[in-house]
Protein chains: 2
Amino acid sequence: MSLEGNTGDERPRGRRADARRNQQTVLAAAAEVFVTHGVDAPIRRIAARAGVGMATIYRHYPTRADLVTAVYHHQIEACAEAGPDLLASSGSPFEALRGWVDLFVDFLVTKHGLADALQSDSDRFAALHTHFLDRLMPVCARLLDAAVDAGEIRPGVQPYELMRGIGNLCIGRDGDSRYDPRRLVELLLQGLRRPQAPAAECR
Amino acid sequence: MSLEGNTGDERPRGRRADARRNQQTVLAAAAEVFVTHGVDAPIRRIAARAGVGMATIYRHYPTRADLVTAVYHHQIEACAEAGPDLLASSGSPFEALRGWVDLFVDFLVTKHGLADALQSDSDRFAALHTHFLDRLMPVCARLLDAAVDAGEIRPGVQPYELMRGIGNLCIGRDGDSRYDPRRLVELLLQGLRRPQAPAAECR
DNA sequence: GACTAAACGGAGCAGCGCTCCATATGGTTA
DNA sequence: TAACCATATGGAGCGCTGCTCCGTTTAGTC
C-alpha cells in the first residue's frame, strides 16, 4: 500500500533531481485538474497537463488513492501557508479571508473526492480528516480574528463553524449547472460583514 | 429522463411480445449480476447473461440509473411477494424469516448501489427509499409476528429495527474478503431466537 | 403467405487504466 | 572533462469499458 504517503518533498538524497521536480509538477497539475474535472479525471489528462508521461505518474503514485491523498496533503499545506501570506499582502484582513476561502473551496473538491477514492479505508480517511482540522482551523482562526480586530466582520463566528459551513455548501454534486457553491460561499462571507455603521452606500 | 420508471410490466398493448419478454429477462439478469458483481458491472456482462444484445438493454433502459432503478423496484416487489409465499411453504416461520432475509440481503446490494447510480438526484432517491419502507416493513412485520407467535424468536423486535440493522451490516464495502455481511446477518438472526427452554443441545 | 413496423444483435468507435521497454539523463567516478 | 550506468522517462500498446449505428430478423396483421 505504498508507504510514501508524505507531502512529496522527503528523501533529500538518493532520488534524482528530475524525479523530485517531476513529482512536484505532477502534484500541482493533479490539483488543478481535480478542481476543474473532479477526482475521477483521466490520468492521461493529468499527465498532459504536467507535461510528463503517464508512467511517471504511476511510478510516483501507484494508485489513484495515493495521488489524491498526496494532493490532499499538498493542498492542506498550501492553504495553511497561504493564510499568513495573504494577511500580509492583502489590502485588508477581509480581503485576505476571501482569498483564503477561495483556496479552501478549491481544496474541498479534493477532500470530498477523497472519500470515494479511498473507498472503504475509513481509518485512513479519519486520520486525514483530523490532520485537516488540526492544520487549518488555527489558520482560519487567525484570519477571522484579524478581520474582527479590523472591525470588518462581526465577532463570535467560530472557525470550525465557518469551515464546516463552507464545506457543506460545496457538497452539492458537480455537474449540476443550477448550483454554484462559490456563489453561495460568497454570500456567506458577505453575511459575516459587520452591519455597516453609516448608511451611505447601504441603499 | 425516460419516464418508464415502472416495474416493467405495463403497456399491455402496442408493444411486441418479445420486447416485453426481453425486458423481464434483462431485469432478472441484471438483478443477478448486480448481486454477484456490483451495480457497476459492465452492460456487456448483463447482456451476455440475459442472452440479448447490448442495444436491447440500452433501448429499454437508456441510462444505468434507469436500469438500477428498475431492478430496485423489481426486487422490492419480489421481496414483498416472497414474504407470504415463504410463510406458506417453509417448515416454520423462522425458516421463512431466514429465507426472506436472504433475499433481502441480495436486494441491499442494489439499494446501496442506487445512491451512487443516481448521483445527485437526491429527491428521486428519497422517493425510492420511502417506497422501500412502505412496501417491505409490513412484510417483515408479518414474518416477525408469525415467528413470535410460534415461540421461535423473542418478542419485541421491531421490523424497522431489524431491516435497518441488516442494512447497516451490509454496508461494509464489497471486495473486502475479511468481511462477510451474510455471516453477521446469520448471527443476528440466531440472536433473535428465543432462549432455548431446556438445555440439551445448548452445550 | 406476404407485408411492414418493431425489435434485435453485434461490429465498431472512442475513451479509459495500466504496463512494458527502448531511450534519455543525472550523478558519480576516474 | 569524459565515460559510465542506475535511475527516470515517455508513449505505444493491450485489454476493457460505454454507447451507437445499421443490416437483419421477427411478431403481428391483412
# chains A, B, ... in the order shown; residues from 1 in each chain; ligands from 1
>>> interface_residues(of="chain A", to="chain C", cutoff="8 Å", atoms="only C-alpha atoms (C1' of nucleotides)", output="list in words")
Arg16, Ala17, Asp18 and Pro42 of chain A
>>> write_last_selection(atoms="C-alpha atoms", output="PDB file, in the first residue's frame")
ATOM      1  CA  ARG A  16      17.429  12.222  -8.711  1.00  0.00           C
ATOM      2  CA  ALA A  17      16.665  15.898  -9.003  1.00  0.00           C
ATOM      3  CA  ASP A  18      14.421  15.481 -12.044  1.00  0.00           C
ATOM      4  CA  PRO A  42      -8.270  10.581 -16.536  1.00  0.00           C
TER       5      PRO A  42
END
>>> interface_residues(of="chain D", to="chain B", cutoff="9 Å", atoms="only C-alpha atoms (C1' of nucleotides)", output="list of chain:residue names")
D:DT17, D:DG18, D:DC19, D:DT20, D:DA27, D:DG28
>>> atom_distance(atom1="CA of Arg142 in chain A", atom2="CA of Pro159 in chain A")
9.0 Å
>>> select_by_dssp(residues="chain A", states="helix (DSSP H, G or I)", output="ChimeraX atom specification")
/A:17-37,43-50,54-60,64-89,93-117,122-149,159-169,181-192
>>> atom_distance(atom1="CA of Asp102 in chain A", atom2="CA of Val68 in chain A")
19.7 Å
>>> residues_around(residues="Leu187 in chain B", least_positions_apart="6", cutoff="12 Å", atoms="only C-alpha atoms (C1' of nucleotides)", output="list in words")
Arg98, Gly165, Ile166, Leu169, Asp180, Pro181 and Arg193 of chain B
>>> atom_distance(atom1="CA of Thr63 in chain B", atom2="CA of Ala117 in chain B")
9.5 Å
>>> residues_around(residues="Glu161 in chain B", least_positions_apart="5", cutoff="12 Å", atoms="only C-alpha atoms (C1' of nucleotides)", output="compact mmCIF listing (two decimals) with N, CA and C atoms, in the first residue's frame")
# COMPACT_ATOMS: atom_id res chain seq x y z
N LEU B 133 -39.56 1.44 2.26
CA LEU B 133 -40.07 1.22 3.62
C LEU B 133 -41.55 0.83 3.60
N MET B 137 -41.73 -2.99 5.06
CA MET B 137 -41.87 -3.09 6.51
C MET B 137 -43.05 -3.97 6.93
N CYS B 140 -42.06 -7.65 6.51
CA CYS B 140 -41.13 -8.06 7.57
C CYS B 140 -41.89 -8.22 8.89
N ALA B 141 -42.81 -7.32 9.14
CA ALA B 141 -43.58 -7.37 10.39
C ALA B 141 -44.37 -8.67 10.48
N LEU B 144 -42.05 -11.54 11.31
CA LEU B 144 -41.64 -11.47 12.71
C LEU B 144 -42.77 -11.93 13.63
N GLY B 156 -40.83 -8.39 20.66
CA GLY B 156 -40.37 -7.02 20.93
C GLY B 156 -39.43 -6.43 19.89
N ILE B 166 -29.86 -5.01 9.51
CA ILE B 166 -29.33 -5.82 8.42
C ILE B 166 -28.73 -4.91 7.35
N GLY B 167 -29.45 -3.86 7.05
CA GLY B 167 -28.95 -2.91 6.06
C GLY B 167 -27.57 -2.39 6.43
N ASN B 168 -27.42 -2.02 7.67
CA ASN B 168 -26.12 -1.49 8.10
C ASN B 168 -25.03 -2.56 8.07
N LEU B 188 -26.99 -12.39 13.64
CA LEU B 188 -28.07 -11.54 14.13
C LEU B 188 -29.36 -12.33 14.27
>>> closest_residue(among="A:Asp106, A:Glu95, A:Asp116, A:Glu32", to="chain B", atoms="only C-alpha atoms")
A:Asp116
>>> decode(residues="range 3-28 of chain C", atoms="N, CA, C and O atoms (P, O5', C5', C4', C3', O3' and C1' of nucleotides)", output="PDB file, in the first residue's frame")
ATOM      1  P    DC C   3     -45.498  -8.969 -50.758  1.00  0.00           P
ATOM      2  O5'  DC C   3     -45.739  -7.840 -49.669  1.00  0.00           O
ATOM      3  C5'  DC C   3     -47.077  -7.534 -49.245  1.00  0.00           C
ATOM      4  C4'  DC C   3     -47.015  -6.770 -47.936  1.00  0.00           C
ATOM      5  C3'  DC C   3     -45.795  -5.849 -47.783  1.00  0.00           C
ATOM      6  O3'  DC C   3     -46.257  -4.560 -47.407  1.00  0.00           O
ATOM      7  C1'  DC C   3     -46.034  -7.227 -45.876  1.00  0.00           C
ATOM      8  P    DT C   4     -45.312  -3.273 -47.469  1.00  0.00           P
ATOM      9  O5'  DT C   4     -45.093  -2.955 -45.934  1.00  0.00           O
ATOM     10  C5'  DT C   4     -46.233  -2.763 -45.079  1.00  0.00           C
ATOM     11  C4'  DT C   4     -45.751  -2.572 -43.644  1.00  0.00           C
ATOM     12  C3'  DT C   4     -44.465  -1.757 -43.505  1.00  0.00           C
ATOM     13  O3'  DT C   4     -44.541  -1.034 -42.287  1.00  0.00           O
ATOM     14  C1'  DT C   4     -44.142  -3.838 -42.526  1.00  0.00           C
ATOM     15  P    DA C   5     -44.302   0.548 -42.269  1.00  0.00           P
ATOM     16  O5'  DA C   5     -44.417   0.890 -40.723  1.00  0.00           O
ATOM     17  C5'  DA C   5     -45.544   0.400 -40.000  1.00  0.00           C
ATOM     18  C4'  DA C   5     -45.081  -0.302 -38.726  1.00  0.00           C
ATOM     19  C3'  DA C   5     -44.093   0.477 -37.871  1.00  0.00           C
ATOM     20  O3'  DA C   5     -44.476   0.328 -36.524  1.00  0.00           O
ATOM     21  C1'  DA C   5     -43.177  -1.637 -38.388  1.00  0.00           C
ATOM     22  P    DA C   6     -43.809   1.150 -35.363  1.00  0.00           P
ATOM     23  O5'  DA C   6     -43.184  -0.026 -34.484  1.00  0.00           O
ATOM     24  C5'  DA C   6     -43.971  -1.169 -34.218  1.00  0.00           C
ATOM     25  C4'  DA C   6     -43.091  -2.263 -33.656  1.00  0.00           C
ATOM     26  C3'  DA C   6     -42.092  -1.786 -32.601  1.00  0.00           C
ATOM     27  O3'  DA C   6     -42.206  -2.658 -31.493  1.00  0.00           O
ATOM     28  C1'  DA C   6     -40.963  -3.017 -34.301  1.00  0.00           C
ATOM     29  P    DA C   7     -41.401  -2.433 -30.185  1.00  0.00           P
ATOM     30  O5'  DA C   7     -40.130  -3.374 -30.409  1.00  0.00           O
ATOM     31  C5'  DA C   7     -40.324  -4.786 -30.490  1.00  0.00           C
ATOM     32  C4'  DA C   7     -39.012  -5.444 -30.848  1.00  0.00           C
ATOM     33  C3'  DA C   7     -37.840  -5.084 -29.930  1.00  0.00           C
ATOM     34  O3'  DA C   7     -37.484  -6.261 -29.210  1.00  0.00           O
ATOM     35  C1'  DA C   7     -37.204  -5.135 -32.230  1.00  0.00           C
ATOM     36  P    DC C   8     -36.267  -6.295 -28.249  1.00  0.00           P
ATOM     37  O5'  DC C   8     -35.132  -6.855 -29.224  1.00  0.00           O
ATOM     38  C5'  DC C   8     -35.383  -8.063 -29.936  1.00  0.00           C
ATOM     39  C4'  DC C   8     -34.244  -8.338 -30.896  1.00  0.00           C
ATOM     40  C3'  DC C   8     -32.868  -8.260 -30.235  1.00  0.00           C
ATOM     41  O3'  DC C   8     -32.340  -9.558 -30.116  1.00  0.00           O
ATOM     42  C1'  DC C   8     -32.916  -7.178 -32.385  1.00  0.00           C
ATOM     43  P    DG C   9     -31.148  -9.815 -29.125  1.00  0.00           P
ATOM     44  O5'  DG C   9     -29.879  -9.751 -30.082  1.00  0.00           O
ATOM     45  C5'  DG C   9     -29.833 -10.627 -31.190  1.00  0.00           C
ATOM     46  C4'  DG C   9     -28.590 -10.354 -32.011  1.00  0.00           C
ATOM     47  C3'  DG C   9     -27.288 -10.298 -31.210  1.00  0.00           C
ATOM     48  O3'  DG C   9     -26.308 -10.971 -31.963  1.00  0.00           O
ATOM     49  C1'  DG C   9     -27.613  -8.241 -32.356  1.00  0.00           C
ATOM     50  P    DG C  10     -25.044 -11.556 -31.254  1.00  0.00           P
ATOM     51  O5'  DG C  10     -23.851 -10.707 -31.865  1.00  0.00           O
ATOM     52  C5'  DG C  10     -23.806 -10.463 -33.266  1.00  0.00           C
ATOM     53  C4'  DG C  10     -22.998  -9.217 -33.552  1.00  0.00           C
ATOM     54  C3'  DG C  10     -21.753  -9.040 -32.657  1.00  0.00           C
ATOM     55  O3'  DG C  10     -20.747  -8.430 -33.438  1.00  0.00           O
ATOM     56  C1'  DG C  10     -23.052  -7.167 -32.505  1.00  0.00           C
ATOM     57  P    DA C  11     -19.388  -9.220 -33.725  1.00  0.00           P
ATOM     58  O5'  DA C  11     -18.751  -8.377 -34.916  1.00  0.00           O
ATOM     59  C5'  DA C  11     -19.507  -8.126 -36.097  1.00  0.00           C
ATOM     60  C4'  DA C  11     -19.351  -6.673 -36.543  1.00  0.00           C
ATOM     61  C3'  DA C  11     -17.923  -6.134 -36.447  1.00  0.00           C
ATOM     62  O3'  DA C  11     -17.714  -5.272 -37.558  1.00  0.00           O
ATOM     63  C1'  DA C  11     -19.347  -4.829 -35.084  1.00  0.00           C
ATOM     64  P    DG C  12     -16.310  -4.557 -37.815  1.00  0.00           P
ATOM     65  O5'  DG C  12     -16.468  -3.110 -37.159  1.00  0.00           O
ATOM     66  C5'  DG C  12     -17.628  -2.342 -37.421  1.00  0.00           C
ATOM     67  C4'  DG C  12     -17.503  -0.992 -36.736  1.00  0.00           C
ATOM     68  C3'  DG C  12     -16.061  -0.532 -36.493  1.00  0.00           C
ATOM     69  O3'  DG C  12     -15.992   0.873 -36.728  1.00  0.00           O
ATOM     70  C1'  DG C  12     -17.211  -0.584 -34.449  1.00  0.00           C
ATOM     71  P    DC C  13     -14.572   1.597 -36.903  1.00  0.00           P
ATOM     72  O5'  DC C  13     -14.684   2.811 -35.892  1.00  0.00           O
ATOM     73  C5'  DC C  13     -15.885   3.602 -35.861  1.00  0.00           C
ATOM     74  C4'  DC C  13     -15.944   4.348 -34.549  1.00  0.00           C
ATOM     75  C3'  DC C  13     -14.587   4.909 -34.093  1.00  0.00           C
ATOM     76  O3'  DC C  13     -14.743   6.281 -33.745  1.00  0.00           O
ATOM     77  C1'  DC C  13     -15.604   3.668 -32.356  1.00  0.00           C
ATOM     78  P    DA C  14     -13.473   7.232 -33.657  1.00  0.00           P
ATOM     79  O5'  DA C  14     -13.591   7.789 -32.178  1.00  0.00           O
ATOM     80  C5'  DA C  14     -14.876   8.083 -31.622  1.00  0.00           C
ATOM     81  C4'  DA C  14     -14.770   8.037 -30.110  1.00  0.00           C
ATOM     82  C3'  DA C  14     -13.443   8.572 -29.569  1.00  0.00           C
ATOM     83  O3'  DA C  14     -13.711   9.361 -28.422  1.00  0.00           O
ATOM     84  C1'  DA C  14     -13.815   6.414 -28.741  1.00  0.00           C
ATOM     85  P    DG C  15     -12.592  10.298 -27.809  1.00  0.00           P
ATOM     86  O5'  DG C  15     -12.461   9.762 -26.328  1.00  0.00           O
ATOM     87  C5'  DG C  15     -13.630   9.505 -25.541  1.00  0.00           C
ATOM     88  C4'  DG C  15     -13.240   8.638 -24.374  1.00  0.00           C
ATOM     89  C3'  DG C  15     -11.875   8.988 -23.786  1.00  0.00           C
ATOM     90  O3'  DG C  15     -11.966   9.212 -22.391  1.00  0.00           O
ATOM     91  C1'  DG C  15     -12.037   6.658 -24.207  1.00  0.00           C
ATOM     92  P    DC C  16     -10.744   9.755 -21.563  1.00  0.00           P
ATOM     93  O5'  DC C  16     -10.396   8.524 -20.623  1.00  0.00           O
ATOM     94  C5'  DC C  16     -11.393   8.032 -19.716  1.00  0.00           C
ATOM     95  C4'  DC C  16     -11.018   6.639 -19.261  1.00  0.00           C
ATOM     96  C3'  DC C  16      -9.629   6.528 -18.669  1.00  0.00           C
ATOM     97  O3'  DC C  16      -9.703   6.738 -17.254  1.00  0.00           O
ATOM     98  C1'  DC C  16     -10.157   4.662 -20.103  1.00  0.00           C
ATOM     99  P    DG C  17      -8.341   6.844 -16.437  1.00  0.00           P
ATOM    100  O5'  DG C  17      -7.985   5.299 -16.251  1.00  0.00           O
ATOM    101  C5'  DG C  17      -8.780   4.489 -15.413  1.00  0.00           C
ATOM    102  C4'  DG C  17      -8.126   3.134 -15.266  1.00  0.00           C
ATOM    103  C3'  DG C  17      -6.784   3.173 -14.541  1.00  0.00           C
ATOM    104  O3'  DG C  17      -6.681   2.020 -13.722  1.00  0.00           O
ATOM    105  C1'  DG C  17      -6.476   2.314 -16.737  1.00  0.00           C
ATOM    106  P    DC C  18      -5.564   1.953 -12.593  1.00  0.00           P
ATOM    107  O5'  DC C  18      -4.379   1.208 -13.364  1.00  0.00           O
ATOM    108  C5'  DC C  18      -4.623  -0.097 -13.887  1.00  0.00           C
ATOM    109  C4'  DC C  18      -3.497  -0.490 -14.816  1.00  0.00           C
ATOM    110  C3'  DC C  18      -2.076  -0.253 -14.274  1.00  0.00           C
ATOM    111  O3'  DC C  18      -1.482  -1.527 -14.058  1.00  0.00           O
ATOM    112  C1'  DC C  18      -2.282   0.317 -16.576  1.00  0.00           C
ATOM    113  P    DT C  19       0.062  -1.670 -13.706  1.00  0.00           P
ATOM    114  O5'  DT C  19       0.723  -2.051 -15.109  1.00  0.00           O
ATOM    115  C5'  DT C  19       0.100  -3.025 -15.922  1.00  0.00           C
ATOM    116  C4'  DT C  19       1.022  -3.409 -17.068  1.00  0.00           C
ATOM    117  C3'  DT C  19       2.498  -3.548 -16.683  1.00  0.00           C
ATOM    118  O3'  DT C  19       3.045  -4.595 -17.474  1.00  0.00           O
ATOM    119  C1'  DT C  19       2.278  -1.871 -18.328  1.00  0.00           C
ATOM    120  P    DC C  20       4.466  -5.246 -17.097  1.00  0.00           P
ATOM    121  O5'  DC C  20       5.134  -5.417 -18.545  1.00  0.00           O
ATOM    122  C5'  DC C  20       4.365  -5.128 -19.696  1.00  0.00           C
ATOM    123  C4'  DC C  20       5.278  -4.680 -20.837  1.00  0.00           C
ATOM    124  C3'  DC C  20       6.768  -4.943 -20.630  1.00  0.00           C
ATOM    125  O3'  DC C  20       7.317  -5.337 -21.871  1.00  0.00           O
ATOM    126  C1'  DC C  20       6.420  -2.615 -20.893  1.00  0.00           C
ATOM    127  P    DC C  21       8.747  -6.046 -21.921  1.00  0.00           P
ATOM    128  O5'  DC C  21       9.643  -4.968 -22.649  1.00  0.00           O
ATOM    129  C5'  DC C  21       9.152  -4.357 -23.842  1.00  0.00           C
ATOM    130  C4'  DC C  21       9.957  -3.102 -24.140  1.00  0.00           C
ATOM    131  C3'  DC C  21      11.455  -3.218 -23.844  1.00  0.00           C
ATOM    132  O3'  DC C  21      12.157  -2.490 -24.828  1.00  0.00           O
ATOM    133  C1'  DC C  21      10.610  -1.396 -22.705  1.00  0.00           C
ATOM    134  P    DA C  22      13.316  -3.216 -25.685  1.00  0.00           P
ATOM    135  O5'  DA C  22      13.812  -2.088 -26.682  1.00  0.00           O
ATOM    136  C5'  DA C  22      12.883  -1.488 -27.581  1.00  0.00           C
ATOM    137  C4'  DA C  22      13.040   0.024 -27.586  1.00  0.00           C
ATOM    138  C3'  DA C  22      14.470   0.529 -27.782  1.00  0.00           C
ATOM    139  O3'  DA C  22      14.429   1.685 -28.630  1.00  0.00           O
ATOM    140  C1'  DA C  22      13.632   1.348 -25.734  1.00  0.00           C
ATOM    141  P    DT C  23      15.701   2.520 -28.982  1.00  0.00           P
ATOM    142  O5'  DT C  23      15.644   3.716 -27.960  1.00  0.00           O
ATOM    143  C5'  DT C  23      14.650   4.731 -28.119  1.00  0.00           C
ATOM    144  C4'  DT C  23      14.810   5.743 -27.006  1.00  0.00           C
ATOM    145  C3'  DT C  23      16.149   6.492 -26.996  1.00  0.00           C
ATOM    146  O3'  DT C  23      15.855   7.875 -27.138  1.00  0.00           O
ATOM    147  C1'  DT C  23      15.536   5.784 -24.825  1.00  0.00           C
ATOM    148  P    DA C  24      16.991   8.942 -27.262  1.00  0.00           P
ATOM    149  O5'  DA C  24      16.990   9.610 -25.823  1.00  0.00           O
ATOM    150  C5'  DA C  24      15.792  10.200 -25.338  1.00  0.00           C
ATOM    151  C4'  DA C  24      16.017  10.662 -23.912  1.00  0.00           C
ATOM    152  C3'  DA C  24      17.232  11.563 -23.702  1.00  0.00           C
ATOM    153  O3'  DA C  24      16.832  12.558 -22.778  1.00  0.00           O
ATOM    154  C1'  DA C  24      17.370   9.739 -22.267  1.00  0.00           C
ATOM    155  P    DT C  25      17.624  13.942 -22.719  1.00  0.00           P
ATOM    156  O5'  DT C  25      18.021  13.996 -21.185  1.00  0.00           O
ATOM    157  C5'  DT C  25      17.072  13.595 -20.193  1.00  0.00           C
ATOM    158  C4'  DT C  25      17.794  13.255 -18.905  1.00  0.00           C
ATOM    159  C3'  DT C  25      19.030  14.105 -18.625  1.00  0.00           C
ATOM    160  O3'  DT C  25      18.994  14.477 -17.272  1.00  0.00           O
ATOM    161  C1'  DT C  25      19.550  11.880 -18.347  1.00  0.00           C
ATOM    162  P    DG C  26      19.389  15.952 -16.789  1.00  0.00           P
ATOM    163  O5'  DG C  26      19.822  15.732 -15.264  1.00  0.00           O
ATOM    164  C5'  DG C  26      18.947  15.087 -14.342  1.00  0.00           C
ATOM    165  C4'  DG C  26      19.779  14.442 -13.233  1.00  0.00           C
ATOM    166  C3'  DG C  26      21.018  15.243 -12.863  1.00  0.00           C
ATOM    167  O3'  DG C  26      20.940  15.836 -11.551  1.00  0.00           O
ATOM    168  C1'  DG C  26      21.613  12.991 -13.514  1.00  0.00           C
ATOM    169  P    DG C  27      20.931  15.164 -10.171  1.00  0.00           P
ATOM    170  O5'  DG C  27      22.163  14.151 -10.117  1.00  0.00           O
ATOM    171  C5'  DG C  27      22.124  13.193  -9.069  1.00  0.00           C
ATOM    172  C4'  DG C  27      23.271  12.226  -9.161  1.00  0.00           C
ATOM    173  C3'  DG C  27      24.552  12.696  -8.441  1.00  0.00           C
ATOM    174  O3'  DG C  27      24.921  11.639  -7.573  1.00  0.00           O
ATOM    175  C1'  DG C  27      25.044  11.896 -10.608  1.00  0.00           C
ATOM    176  P    DT C  28      26.042  11.846  -6.447  1.00  0.00           P
ATOM    177  O5'  DT C  28      27.097  10.700  -6.753  1.00  0.00           O
ATOM    178  C5'  DT C  28      26.714   9.544  -7.498  1.00  0.00           C
ATOM    179  C4'  DT C  28      27.929   8.899  -8.134  1.00  0.00           C
ATOM    180  C3'  DT C  28      29.284   9.248  -7.492  1.00  0.00           C
ATOM    181  O3'  DT C  28      30.087   8.096  -7.452  1.00  0.00           O
ATOM    182  C1'  DT C  28      29.380   9.701  -9.777  1.00  0.00           C
TER     183       DT C  28
END
